[in-house]
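Novice: Hey, dropping coords00.cif in here, mmCIF, C-alpha atoms and all ligand atoms:
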data_data
loop_
_atom_site.label_atom_id
_atom_site.label_comp_id
_atom_site.auth_asym_id
_atom_site.auth_seq_id
_atom_site.Cartn_x
_atom_site.Cartn_y
_atom_site.Cartn_z
CA MET H 1 -6.08 25.68 -5.48
CA THR H 2 -3.48 24.13 -3.23
CA GLY H 3 -1.56 25.95 -0.54
CA THR H 4 1.73 27.66 -1.04
CA TYR H 5 3.92 26.41 1.79
CA ARG H 6 6.55 23.88 0.74
CA ILE H 7 9.50 22.55 2.70
CA ALA H 8 12.50 24.04 0.89
CA GLN H 9 15.25 21.83 -0.46
CA SER H 10 17.73 24.17 1.22
CA ASP H 11 16.07 23.53 4.60
CA ILE H 12 16.54 19.80 4.11
CA ALA H 13 20.19 20.38 3.19
CA ASP H 14 20.74 22.57 6.28
CA GLN H 15 19.21 19.99 8.61
CA ASN H 16 21.13 17.17 6.92
CA ALA H 17 24.42 19.02 7.36
CA LYS H 18 23.98 18.74 11.12
CA ALA H 19 23.23 15.03 11.05
CA LEU H 20 25.75 14.03 8.41
CA PRO H 21 28.95 13.57 10.49
CA ALA H 22 27.29 11.03 12.81
CA LEU H 23 25.62 9.30 9.87
CA LYS H 24 28.96 8.94 8.08
CA GLU H 25 30.54 7.40 11.14
CA ASP H 26 27.73 4.90 11.55
CA TYR H 27 27.61 4.14 7.83
CA ASP H 28 31.33 3.43 7.68
CA ALA H 29 31.15 1.22 10.77
CA LEU H 30 28.25 -0.75 9.32
CA GLY H 31 30.06 -0.98 5.99
CA ARG H 32 33.04 -2.58 7.72
CA LYS H 33 30.82 -4.99 9.63
CA LEU H 34 29.02 -6.09 6.47
CA ALA H 35 32.26 -6.39 4.53
CA ARG H 36 33.46 -9.00 7.04
CA SER H 37 30.71 -11.30 5.78
CA GLY H 38 31.32 -10.39 2.16
CA THR H 39 28.48 -7.88 1.70
CA ASP H 40 29.13 -4.61 -0.08
CA ILE H 41 27.14 -1.91 1.71
CA GLU H 42 26.93 0.16 -1.47
CA THR H 43 24.94 -2.57 -3.22
CA ILE H 44 22.36 -2.51 -0.45
CA THR H 45 22.25 1.29 -0.35
CA LYS H 46 21.58 1.39 -4.10
CA ALA H 47 18.82 -1.19 -3.75
CA VAL H 48 17.21 0.84 -0.97
CA ALA H 49 17.47 4.05 -3.01
CA GLY H 50 15.61 2.30 -5.83
CA PHE H 51 12.77 1.18 -3.57
CA GLY H 52 9.40 2.87 -3.97
CA VAL H 53 5.97 2.43 -2.41
CA ALA H 54 2.78 4.24 -3.41
CA ILE H 55 0.97 6.46 -0.91
CA PRO H 56 -2.78 5.84 -0.70
CA SER H 57 -4.49 9.19 -1.22
CA TRP H 58 -7.00 8.25 1.47
CA GLY H 59 -4.16 7.72 3.96
CA VAL H 60 -3.14 11.39 4.19
CA GLY H 61 -6.44 12.36 5.78
CA THR H 62 -7.09 11.46 9.43
CA GLY H 63 -8.90 8.15 9.63
CA GLY H 64 -11.55 7.06 12.04
CA THR H 65 -13.38 4.08 13.41
CA ARG H 66 -17.01 3.02 13.34
CA PHE H 67 -17.43 5.18 16.44
CA ALA H 68 -15.77 8.49 15.72
CA ARG H 69 -13.29 10.41 13.71
CA PHE H 70 -11.13 12.95 15.51
CA ALA H 71 -10.08 15.39 12.83
CA GLY H 72 -6.59 16.86 12.86
CA ILE H 73 -5.60 20.36 11.85
CA GLY H 74 -4.64 21.30 8.31
CA GLU H 75 -6.22 18.20 6.81
CA PRO H 76 -6.32 17.90 3.02
CA ARG H 77 -9.67 19.06 1.68
CA ASN H 78 -9.50 17.51 -1.76
CA VAL H 79 -7.32 15.50 -4.08
CA LEU H 80 -5.06 18.45 -4.84
CA ASP H 81 -4.29 18.99 -1.16
CA LYS H 82 -3.71 15.25 -0.84
CA LEU H 83 -1.14 15.35 -3.63
CA GLU H 84 0.60 18.19 -1.85
CA ASP H 85 0.96 16.07 1.31
CA CYS H 86 2.09 13.06 -0.75
CA ALA H 87 4.75 15.24 -2.37
CA THR H 88 5.98 16.31 1.07
CA ILE H 89 6.30 12.67 2.10
CA GLN H 90 8.25 11.95 -1.07
CA LYS H 91 10.44 15.02 -0.73
CA LEU H 92 11.56 13.99 2.75
CA THR H 93 11.75 10.21 2.35
CA ARG H 94 12.43 9.72 -1.40
CA ALA H 95 10.68 6.40 -0.97
CA THR H 96 7.19 7.28 -2.21
CA PRO H 97 7.32 8.46 -5.82
CA THR H 98 3.72 7.52 -6.63
CA VAL H 99 0.17 7.94 -5.36
CA SER H 100 -2.75 5.53 -5.53
CA LEU H 101 -6.05 7.35 -6.06
CA HIS H 102 -9.48 6.18 -4.97
CA PHE H 103 -12.66 7.08 -6.87
CA PRO H 104 -15.02 8.76 -6.38
CA TRP H 105 -13.28 10.07 -3.25
CA ASP H 106 -10.61 11.70 -5.42
CA LYS H 107 -12.91 12.86 -8.15
CA ASN H 108 -12.15 16.33 -9.45
CA LYS H 109 -14.06 18.01 -12.25
CA ASP H 110 -10.76 18.48 -14.05
CA VAL H 111 -8.75 15.26 -14.03
CA ASP H 112 -6.13 16.87 -16.28
CA ALA H 113 -5.46 19.38 -13.50
CA VAL H 114 -4.84 16.48 -11.12
CA LYS H 115 -2.39 14.94 -13.54
CA GLN H 116 -0.73 18.30 -14.08
CA LEU H 117 -0.24 18.91 -10.37
CA GLY H 118 1.19 15.40 -10.05
CA ASP H 119 3.68 16.25 -12.80
CA GLU H 120 4.59 19.54 -11.16
CA LEU H 121 5.17 17.84 -7.84
CA GLY H 122 7.11 14.99 -9.44
CA LEU H 123 4.54 12.37 -8.48
CA GLY H 124 3.41 9.44 -10.62
CA PHE H 125 0.12 7.59 -10.31
CA ASP H 126 0.01 3.95 -9.27
CA ALA H 127 -3.10 1.76 -9.41
CA VAL H 128 -6.49 3.48 -9.30
CA ASN H 129 -9.02 2.06 -6.82
CA SER H 130 -12.73 1.74 -7.43
CA ASN H 131 -15.32 2.12 -4.69
CA THR H 132 -18.54 0.17 -4.85
CA PHE H 133 -18.75 -0.26 -1.09
CA GLN H 134 -20.58 3.02 -0.56
CA ASP H 135 -23.54 4.63 -2.26
CA GLN H 136 -22.87 7.94 -3.96
CA ALA H 137 -25.38 10.76 -3.82
CA ASP H 138 -26.26 10.63 -7.50
CA GLN H 139 -26.40 6.89 -8.12
CA LYS H 140 -29.56 5.03 -9.07
CA GLN H 141 -29.01 1.61 -7.53
CA SER H 142 -27.88 0.91 -3.97
CA TYR H 143 -24.94 -1.30 -2.98
CA LYS H 144 -26.56 -2.24 0.30
CA PHE H 145 -26.76 -5.85 -0.85
CA GLY H 146 -23.70 -5.92 -3.04
CA SER H 147 -22.21 -4.45 -6.18
CA LEU H 148 -20.40 -6.60 -8.76
CA THR H 149 -22.11 -9.69 -7.34
CA HIS H 150 -25.55 -8.18 -6.68
CA THR H 151 -28.57 -10.31 -7.54
CA ASP H 152 -29.95 -7.40 -9.57
CA ALA H 153 -28.43 -7.00 -13.05
CA ALA H 154 -28.89 -3.21 -13.12
CA THR H 155 -26.90 -2.82 -9.89
CA ARG H 156 -24.13 -5.02 -11.25
CA ALA H 157 -24.08 -2.98 -14.46
CA GLN H 158 -23.78 0.25 -12.48
CA ALA H 159 -20.82 -1.15 -10.52
CA VAL H 160 -19.17 -2.39 -13.72
CA GLU H 161 -19.65 1.07 -15.26
CA HIS H 162 -17.97 2.71 -12.28
CA ASN H 163 -14.93 0.45 -12.64
CA ILE H 164 -14.71 1.27 -16.34
CA GLU H 165 -14.87 4.97 -15.46
CA CYS H 166 -11.95 4.40 -13.06
CA ILE H 167 -9.94 2.91 -15.91
CA GLU H 168 -10.73 5.97 -18.04
CA LEU H 169 -9.60 8.32 -15.25
CA GLY H 170 -6.51 6.20 -14.70
CA LYS H 171 -5.60 6.48 -18.38
CA VAL H 172 -5.48 10.26 -18.11
CA LEU H 173 -3.33 10.01 -14.98
CA GLY H 174 -0.89 7.51 -16.44
CA SER H 175 -1.88 4.68 -14.11
CA LYS H 176 -1.30 1.15 -15.31
CA ALA H 177 -3.60 -0.82 -13.03
CA LEU H 178 -7.01 -0.95 -11.44
CA THR H 179 -7.45 -2.37 -7.95
CA VAL H 180 -10.84 -3.89 -7.22
CA TRP H 181 -11.92 -4.56 -3.68
CA ILE H 182 -15.60 -5.26 -3.12
CA SER H 183 -17.36 -5.48 0.20
CA ASP H 184 -19.95 -7.92 -1.20
CA GLY H 185 -20.89 -10.79 1.04
CA SER H 186 -23.54 -11.74 3.56
CA ASN H 187 -24.39 -11.36 7.22
CA PHE H 188 -26.73 -14.31 7.62
CA ALA H 189 -26.39 -18.00 6.85
CA GLY H 190 -28.43 -18.72 3.77
CA GLN H 191 -28.61 -15.06 2.74
CA GLN H 192 -26.47 -15.56 -0.32
CA HIS H 193 -25.85 -18.49 -2.65
CA PHE H 194 -22.07 -18.85 -2.45
CA THR H 195 -21.57 -20.21 -5.94
CA ARG H 196 -24.03 -17.98 -7.77
CA ALA H 197 -22.57 -14.87 -6.14
CA LEU H 198 -19.08 -15.89 -7.23
CA GLU H 199 -20.25 -16.58 -10.79
CA ARG H 200 -21.88 -13.17 -10.92
CA TYR H 201 -18.57 -11.68 -9.77
CA LEU H 202 -16.72 -13.36 -12.58
CA GLU H 203 -19.23 -12.22 -15.16
CA SER H 204 -18.97 -8.60 -13.98
CA MET H 205 -15.19 -8.74 -13.83
CA LYS H 206 -14.99 -10.14 -17.35
CA THR H 207 -16.70 -7.00 -18.66
CA ILE H 208 -14.26 -4.80 -16.74
CA TYR H 209 -11.29 -6.91 -17.82
CA ALA H 210 -12.27 -6.50 -21.46
CA LYS H 211 -11.89 -2.72 -21.08
CA LEU H 212 -8.31 -2.86 -19.75
CA PRO H 213 -5.75 -1.27 -22.06
CA ALA H 214 -3.08 -3.66 -23.35
CA ASP H 215 -0.44 -2.53 -20.86
CA TRP H 216 -2.75 -2.51 -17.84
CA GLN H 217 -3.34 -5.00 -15.05
CA VAL H 218 -6.25 -5.51 -12.71
CA PHE H 219 -5.48 -6.35 -9.09
CA ILE H 220 -8.06 -8.35 -7.21
CA GLU H 221 -8.04 -7.74 -3.48
CA HIS H 222 -9.47 -10.40 -1.20
CA LYS H 223 -10.67 -9.84 2.34
CA MET H 224 -11.95 -12.34 4.84
CA PHE H 225 -14.64 -10.24 6.49
CA GLU H 226 -16.06 -6.78 7.02
CA PRO H 227 -18.43 -5.16 6.38
CA ALA H 228 -20.03 -8.53 5.61
CA PHE H 229 -19.53 -10.66 8.71
CA TYR H 230 -20.82 -14.08 7.76
CA SER H 231 -19.27 -14.54 4.31
CA THR H 232 -17.37 -12.48 1.79
CA VAL H 233 -17.45 -13.26 -1.94
CA ILE H 234 -13.71 -12.76 -2.53
CA SER H 235 -12.69 -13.97 0.89
CA ASP H 236 -9.24 -15.47 0.54
CA TRP H 237 -6.27 -15.92 -1.71
CA GLY H 238 -7.60 -19.21 -3.10
CA THR H 239 -10.76 -17.57 -4.39
CA ASN H 240 -8.68 -14.62 -5.56
CA TYR H 241 -6.30 -16.92 -7.44
CA TRP H 242 -9.19 -18.73 -9.07
CA ALA H 243 -10.80 -15.47 -10.23
CA ALA H 244 -7.51 -14.07 -11.52
CA THR H 245 -6.86 -17.29 -13.43
CA GLN H 246 -10.33 -17.32 -14.97
CA LEU H 247 -9.95 -13.73 -16.11
CA GLY H 248 -6.56 -14.04 -17.79
CA PRO H 249 -2.96 -12.83 -17.72
CA LYS H 250 -3.74 -9.20 -16.91
CA ALA H 251 -5.49 -10.18 -13.69
CA ARG H 252 -3.40 -10.70 -10.57
CA CYS H 253 -3.89 -11.04 -6.85
CA LEU H 254 -3.31 -8.24 -4.39
CA VAL H 255 -2.30 -9.06 -0.84
CA ASP H 256 -3.48 -6.61 1.79
CA LEU H 257 -1.67 -7.68 4.94
CA GLY H 258 -4.69 -6.94 7.13
CA HIS H 259 -7.14 -9.07 5.17
CA HIS H 260 -6.39 -12.48 6.62
CA ALA H 261 -7.37 -14.39 9.70
CA PRO H 262 -5.06 -13.72 12.66
CA ASN H 263 -1.93 -15.91 12.56
CA THR H 264 -2.25 -16.67 8.86
CA ASN H 265 1.13 -17.36 7.28
CA ILE H 266 1.04 -14.45 4.85
CA GLU H 267 4.62 -14.89 3.70
CA GLN H 268 3.73 -18.37 2.49
CA ILE H 269 0.78 -16.99 0.55
CA VAL H 270 3.20 -14.54 -1.05
CA ALA H 271 5.52 -17.40 -2.00
CA ARG H 272 2.65 -19.36 -3.52
CA LEU H 273 1.37 -16.43 -5.56
CA ILE H 274 4.87 -15.73 -6.84
CA HIS H 275 5.26 -19.36 -7.83
CA PHE H 276 1.91 -19.32 -9.63
CA LYS H 277 2.86 -16.05 -11.38
CA LYS H 278 -0.18 -14.30 -9.98
CA LEU H 279 1.23 -11.90 -7.40
CA GLY H 280 0.08 -8.43 -8.45
CA GLY H 281 0.87 -6.25 -5.49
CA PHE H 282 0.49 -5.34 -1.86
CA HIS H 283 -1.42 -3.12 0.46
CA PHE H 284 0.99 -2.84 3.36
CA ASN H 285 -0.23 -2.23 6.88
CA ASP H 286 -0.19 -4.11 10.15
CA SER H 287 -2.84 -5.62 12.37
CA LYS H 288 -3.47 -7.43 15.59
CA TYR H 289 -7.11 -8.41 15.23
CA GLY H 290 -8.36 -7.96 11.70
CA ASP H 291 -8.27 -5.23 9.10
CA ASP H 292 -6.91 -2.79 11.67
CA ASP H 293 -4.99 -0.71 9.12
CA LEU H 294 -2.22 -0.03 11.64
CA ASP H 295 1.14 1.32 10.50
CA ALA H 296 3.28 -1.19 8.61
CA GLY H 297 5.57 -3.14 10.90
CA SER H 298 4.20 -1.53 14.06
CA VAL H 299 2.90 -4.79 15.52
CA ASN H 300 4.75 -7.49 13.67
CA PRO H 301 7.95 -6.26 12.01
CA PHE H 302 9.28 -9.81 11.72
CA GLN H 303 6.36 -10.82 9.52
CA LEU H 304 7.05 -7.86 7.26
CA PHE H 305 10.68 -8.92 7.05
CA LEU H 306 9.60 -12.46 6.15
CA VAL H 307 7.40 -11.12 3.34
CA PHE H 308 10.39 -9.22 1.96
CA ASN H 309 12.49 -12.33 2.38
CA GLU H 310 10.18 -14.09 -0.08
CA LEU H 311 10.29 -11.19 -2.50
CA VAL H 312 14.07 -10.88 -2.45
CA ASP H 313 14.51 -14.63 -2.70
CA ALA H 314 12.21 -14.73 -5.72
CA ALA H 315 13.96 -11.79 -7.36
CA ASP H 316 17.33 -13.52 -6.84
CA ARG H 317 16.02 -16.70 -8.46
CA GLY H 318 14.56 -14.75 -11.37
CA ALA H 319 11.15 -15.99 -10.30
CA LEU H 320 9.42 -12.60 -10.33
CA ASP H 321 8.09 -12.24 -13.86
CA VAL H 322 6.55 -8.84 -13.09
CA ALA H 323 7.55 -6.47 -10.31
CA PRO H 324 4.70 -6.39 -7.78
CA ALA H 325 3.08 -3.04 -7.06
CA TYR H 326 3.84 -1.78 -3.58
CA MET H 327 1.18 0.36 -1.94
CA LEU H 328 0.39 1.31 1.63
CA ASP H 329 -3.18 1.03 2.89
CA GLN H 330 -3.47 2.44 6.37
CA SER H 331 -5.78 4.49 8.54
CA HIS H 332 -4.17 6.98 10.88
CA ASN H 333 -6.44 7.78 13.78
CA VAL H 334 -4.06 9.01 16.49
CA THR H 335 -1.02 10.27 14.57
CA ASP H 336 -0.29 12.92 11.99
CA PRO H 337 -0.89 10.93 8.78
CA VAL H 338 2.14 12.44 7.05
CA GLU H 339 4.38 11.24 9.87
CA SER H 340 2.82 7.78 9.91
CA LEU H 341 3.18 7.39 6.16
CA MET H 342 6.81 8.50 6.23
CA ALA H 343 7.57 6.10 9.08
CA SER H 344 5.76 3.29 7.25
CA ALA H 345 7.60 3.82 3.98
CA MET H 346 10.90 3.76 5.88
CA GLU H 347 9.80 0.65 7.73
CA LEU H 348 9.31 -1.13 4.40
CA GLN H 349 12.75 0.00 3.24
CA ARG H 350 14.23 -1.28 6.48
CA ARG H 351 12.74 -4.74 6.11
CA TYR H 352 13.66 -4.81 2.44
CA ALA H 353 17.27 -3.87 3.22
CA GLN H 354 17.44 -6.57 5.87
CA ALA H 355 16.03 -9.14 3.46
CA CYS H 356 18.83 -8.18 1.07
CA LEU H 357 21.33 -8.98 3.83
CA ILE H 358 20.23 -12.58 4.30
CA ASP H 359 23.05 -15.02 3.65
CA ARG H 360 21.15 -17.13 1.11
CA ALA H 361 23.87 -19.73 0.64
CA ARG H 362 23.95 -20.34 4.39
CA LEU H 363 20.15 -20.51 4.51
CA GLU H 364 20.01 -22.98 1.64
CA GLN H 365 22.62 -25.17 3.27
CA ALA H 366 20.74 -25.14 6.56
CA GLN H 367 17.56 -26.12 4.71
CA ALA H 368 19.33 -28.93 2.85
CA GLU H 369 20.74 -30.26 6.11
CA ASN H 370 17.46 -29.82 7.97
CA ASP H 371 19.28 -27.58 10.41
CA ALA H 372 16.25 -25.70 11.62
CA LEU H 373 18.13 -23.72 14.27
CA MET H 374 20.75 -22.45 11.83
CA ALA H 375 18.08 -21.59 9.26
CA LEU H 376 16.30 -19.31 11.72
CA ASP H 377 19.63 -17.96 12.94
CA THR H 378 20.47 -16.93 9.38
CA LEU H 379 17.23 -14.98 9.09
CA LYS H 380 17.65 -13.46 12.54
CA ALA H 381 21.20 -12.34 11.80
CA ALA H 382 19.79 -10.14 9.04
CA PHE H 383 16.70 -9.10 10.98
CA ASN H 384 18.79 -8.03 13.96
CA THR H 385 21.10 -5.84 11.90
CA ASP H 386 20.37 -2.15 12.35
CA VAL H 387 20.30 -0.86 8.79
CA SER H 388 19.36 2.73 9.77
CA PRO H 389 22.64 4.17 8.42
CA ILE H 390 21.90 2.60 5.01
CA LEU H 391 18.44 4.16 4.92
CA GLY H 392 19.73 7.54 6.06
CA MET H 393 22.53 7.54 3.51
CA ALA H 394 20.20 6.48 0.68
CA ARG H 395 17.88 9.37 1.54
CA HIS H 396 20.68 11.87 1.87
CA ARG H 397 22.14 10.94 -1.49
CA SER H 398 18.76 11.23 -3.21
CA GLY H 399 18.08 14.66 -1.75
CA GLY H 400 15.78 13.50 1.05
CA ALA H 401 16.07 14.14 4.76
CA ILE H 402 18.33 12.03 6.93
CA ASP H 403 15.65 12.36 9.62
CA PRO H 404 12.33 12.90 7.78
CA VAL H 405 10.07 13.10 10.83
CA GLY H 406 12.51 15.45 12.58
CA VAL H 407 12.69 17.82 9.61
CA TYR H 408 8.92 17.64 9.14
CA ARG H 409 8.30 18.67 12.74
CA TRP H 410 10.99 21.32 12.63
CA SER H 411 9.41 22.84 9.49
CA GLY H 412 6.01 23.35 11.09
CA TYR H 413 4.41 22.02 7.88
CA ARG H 414 1.18 21.05 9.60
CA ARG H 415 0.75 24.48 11.20
CA HIS H 416 1.34 26.15 7.84
CA LYS H 417 -1.29 23.90 6.29
CA ALA H 418 -3.71 24.63 9.12
CA ASN H 419 -3.61 28.28 8.06
CA GLU H 420 -3.94 27.48 4.39
CA ARG H 421 -6.66 24.86 4.83
CA PRO H 422 -9.33 26.12 7.21
CA ALA H 423 -11.02 23.34 9.20
CA GLN H 424 -14.21 21.93 7.76
CA ALA H 425 -17.12 21.89 10.13
CA LYS H 426 -18.40 18.42 9.20
CA GLN H 427 -17.28 15.61 11.54
CA SER H 428 -18.01 12.09 10.52
CA ALA H 429 -17.31 8.52 11.48
CA GLY H 430 -15.56 6.15 9.14
CA ILE H 431 -12.37 5.89 7.19
CA VAL H 432 -12.76 8.98 5.05
C1 LIG H 501 -10.71 -1.91 2.32
C2 LIG H 501 -9.61 -2.38 1.41
C3 LIG H 501 -9.40 -1.51 0.24
C4 LIG H 501 -9.49 -0.04 0.58
C5 LIG H 501 -10.65 0.28 1.48
C6 LIG H 501 -10.65 1.72 1.91
O1 LIG H 501 -10.68 -2.61 3.53
O2 LIG H 501 -8.44 -2.56 2.12
O3 LIG H 501 -8.15 -1.71 -0.33
O4 LIG H 501 -9.67 0.60 -0.63
O5 LIG H 501 -10.63 -0.55 2.60
MN MN H 502 -6.53 -2.63 0.96
MN MN H 503 -8.52 -3.11 4.22
#
How does this structure look as structure tokens?
Specialist:
Amino acid sequence: MTGTYRIAQSDIADQNAKALPALKEDYDALGRKLARSGTDIETITKAVAGFGVAIPSWGVGTGGTRFARFAGIGEPRNVLDKLEDCATIQKLTRATPTVSLHFPWDKNKDVDAVKQLGDELGLGFDAVNSNTFQDQADQKQSYKFGSLTHTDAATRAQAVEHNIECIELGKVLGSKALTVWISDGSNFAGQQHFTRALERYLESMKTIYAKLPADWQVFIEHKMFEPAFYSTVISDWGTNYWAATQLGPKARCLVDLGHHAPNTNIEQIVARLIHFKKLGGFHFNDSKYGDDDLDAGSVNPFQLFLVFNELVDAADRGALDVAPAYMLDQSHNVTDPVESLMASAMELQRRYAQACLIDRARLEQAQAENDALMALDTLKAAFNTDVSPILGMARHRSGGAIDPVGVYRWSGYRRHKANERPAQAKQSAGIV
């Protein structure tokens, strides 16, 4: 059973009516400014309206650190509540039409009911995520020393089985991809044979790959460290690319922005993966130190813009053979997760819109002439353009809120949910 409170479409319309005159003014002014350099604002607005990013089901609950988790009020208690929050985010932003589920966290005895609620709420299901980085109460073998790469064949088989079960659940939901992130690695030099562990990974993944339906993909997610701190089996995009290539055309690489060493040129990795036809998708977030799971663009918005620059450039050149899957992967420890996810989805739209504004002919000329200053200036001209009116207008036209966070706060959604979802006594550390 989910709660009953929903933000009414008429409430959104009422709030929008107040904000619309100013929005129109700003939109028209921006339209004139862009027209001076030959850009039709309507083209960009349409592109923004067509942009979608999946909400991670685990992101709507309050996150935590290794030290503590400070629960918020009205938190979702199960996957059905999570879908309800995801639908609220979509209703207000119109930028998040899908949800990415994580098993067994989102396990429900009736998966058809989950699918049905998704349908009712107008939500689709993006990639399903497996979890072999924790032990479940009823499992025989422990993942303490690894899962798909474990030295013990029975443990590997159990992890493979779980991934196949995720595919089965995903089929019912209408998902078209499985995302595999493993925490396998080592904490001590010599603890693990690098090559043998990688070979065991490939063998396990081959069994999973063989179970993928024809129209499915598997996304491999690499991560440099954590929880293993000396080495990680799928540590970087090179290893990821190798594994995806060994497995075959349905296997592609997923780039989680927080999974690289600080200062890594992530946009270049994106360009490489596009060129090699192996870019599968993203887990967007931001970071300062490691896998911080901060809100997208909150620390380094320019990097996010540069990632979208590569994506738009590739799309323009016809170099994207398959549209990459866009997903958020964040942990919200000090904010209301619904607000953070709305702000993050809009942040992605903002950087995407700006990437669409880049004068590509001017950039290409600057590159040909080795005019480094003008090349950067071309990027900065787009990055410095305030595209807020485009985002607001795209939302308004699709039935969303001009000011999603404002309407959300005004509605008292969280307080309503606090009444409907009594607090659970259990407090725990960690991300879930
Ligand atoms: C990992 C990784 C995975 C996510 C888990 C919760 O660091 O980013 O994508 O499923 O965290
Ligand atoms: Mn991730
Ligand atoms: Mn992560």
Novice: Of the candidates H:Thr43, H:Ser331, H:Asn265, H:Gln354, which shows the shortest atom-to-atom distance to ligand LIG 501 (chain H), using all atoms listed in the file?
Specialist: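 Closest to ligand LIG 501 (chain H), using all atoms listed in the file: H:Ser331.
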Novice: Work out how far atom CA of H:Val405 is from atom CA of H:Met393, in Å to one decimal.
Specialist: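 Here the two named atoms are 15.5 Å from each other.
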Novice: Would you mind reading off the distance between atom CA of H:Ala261 and atom O2 of ligand LIG 501 (chain H), one decimal, in Å?
Specialist: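 Taking atom CA of H:Ala261 as the start and atom O2 of ligand LIG 501 (chain H) as the end point, the length is 14.1 Å.
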Novice: Could you give me the residues within 7 Å of ligand MN 503 (chain H), counting only C-alpha atoms and all ligand atoms, as a ChimeraX atom specification?
Specialist: /H:256,258-259,291,293,329
Novice: To check your reading of the model: which residues sit at most 9 Å from ligand MN 502 (chain H) when counting all atoms listed in the file? Write the answer as a PyMOL selection string.
Specialist: chain H and resi 179+181+221-223+254-259+282-285+291+293+327-330
Novice: Neighbourhood query: residues within 12 Å of (-3.2, 16.4, 14.6), file coordinates, counting all atoms listed in the file; return as a ChimeraX atom specification.
Specialist: /H:60-63,69-75,332-340,409,413-415,417-418,423
Novice: Considering all atoms listed in the file, state which residue in the set H:Val99, H:Ile7, H:Val387, H:Met205 is at the smallest distance from H:Val160.
Specialist: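 Closest residue, counting all atoms listed in the file: H:Met205.
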Novice: So, counting all atoms listed in the file, which residue among H:Ala214, H:Val180, H:Val79, H:Ala17 is closest to ligand LIG 501 (chain H)?
Specialist: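 Residue with the minimum atom-to-atom distance to ligand LIG 501 (chain H): H:Val180.
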Novice: For H:Leu123, work out the shell of residues within 10 Å, counting all atoms listed in the file and skipping chain neighbours fewer than 5 positions away, then give it as a ChimeraX atom specification.
Specialist: /H:54,83-84,86-87,90,96-99,115-118
Novice: Just how far from atom CA of H:Thr39 is atom CA of H:Ala381, in Å to one decimal?
Specialist: 13.2 Å
Novice: Excluding same-chain residues fewer than 4 positions from H:Glu203, what lies within 9 Å of it counting only C-alpha atoms, as JSON, numbers by chain?
Specialist: {"H": [148, 149, 198, 199, 207]}
Novice: Hey, which of H:Ser287, H:Ser37, H:Asn163, H:Asn78 ends up closest to H:Ser57? Count all atoms listed in the file.
Specialist: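 Going through H:Ser287, H:Ser37, H:Asn163, H:Asn78 one by one, the smallest distance to H:Ser57 is for H:Asn78.
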Novice: Which residue is closest to H:Ala251? Choose from H:Leu376, H:Ala189, H:Ala355, H:Leu279 and count all atoms listed in the file.
Specialist: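 Looking only at the distances to H:Ala251, the closest residue turns out to be H:Leu279.
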Novice: If you count only C-alpha atoms, which residues fall within 8 Å of H:Ser100, apart from same-chain ones fewer than 4 positions away, as a list in words?
Specialist: Ala54, Ile55, Pro56, Ser57, Phe125, Asp126, Ala127, Val128, Asn129 and Met327 of chain H
Novice: Store the residues of this selection in a file with C-alpha atoms, as a JSON list (two decimals), in the frame of the given file.
Specialist:
[["chain", "number", "residue", "atom", "x", "y", "z"],
["H", 54, "ALA", "CA", 2.78, 4.24, -3.41],
["H", 55, "ILE", "CA", 0.97, 6.46, -0.91],
["H", 56, "PRO", "CA", -2.78, 5.84, -0.70],
["H", 57, "SER", "CA", -4.49, 9.19, -1.22],
["H", 125, "PHE", "CA", 0.12, 7.59, -10.31],
["H", 126, "ASP", "CA", 0.01, 3.95, -9.27],
["H", 127, "ALA", "CA", -3.10, 1.76, -9.41],
["H", 128, "VAL", "CA", -6.49, 3.48, -9.30],
["H", 129, "ASN", "CA", -9.02, 2.06, -6.82],
["H", 327, "MET", "CA", 1.18, 0.36, -1.94]]
Novice: Which residue gives the smallest distance to H:Gly59 among H:Arg360, H:Arg252, H:Lys171, H:His102, with only C-alpha atoms counted?
Specialist: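 Answer, going by the shortest atom-to-atom distance: H:His102.
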Novice: Can you tell me which residues surround H:Ala22 at a distance of at most 12 Å, considering only C-alpha atoms, apart from same-chain residues fewer than 3 positions away, and format the answer as a PDB file with C-alpha atoms, keeping the file's coordinate frame?
Specialist:
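Final output, around_8.pdb:
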ATOM      1  CA  ASN H  16      21.130  17.170   6.920  1.00  0.00           C
ATOM      2  CA  ALA H  17      24.420  19.020   7.360  1.00  0.00           C
ATOM      3  CA  LYS H  18      23.980  18.740  11.120  1.00  0.00           C
ATOM      4  CA  ALA H  19      23.230  15.030  11.050  1.00  0.00           C
ATOM      5  CA  GLU H  25      30.540   7.400  11.140  1.00  0.00           C
ATOM      6  CA  ASP H  26      27.730   4.900  11.550  1.00  0.00           C
ATOM      7  CA  TYR H  27      27.610   4.140   7.830  1.00  0.00           C
ATOM      8  CA  ASP H  28      31.330   3.430   7.680  1.00  0.00           C
ATOM      9  CA  ALA H  29      31.150   1.220  10.770  1.00  0.00           C
ATOM     10  CA  SER H 388      19.360   2.730   9.770  1.00  0.00           C
ATOM     11  CA  PRO H 389      22.640   4.170   8.420  1.00  0.00           C
ATOM     12  CA  GLY H 392      19.730   7.540   6.060  1.00  0.00           C
ATOM     13  CA  MET H 393      22.530   7.540   3.510  1.00  0.00           C
ATOM     14  CA  ILE H 402      18.330  12.030   6.930  1.00  0.00           C
TER      15      ILE H 402
END
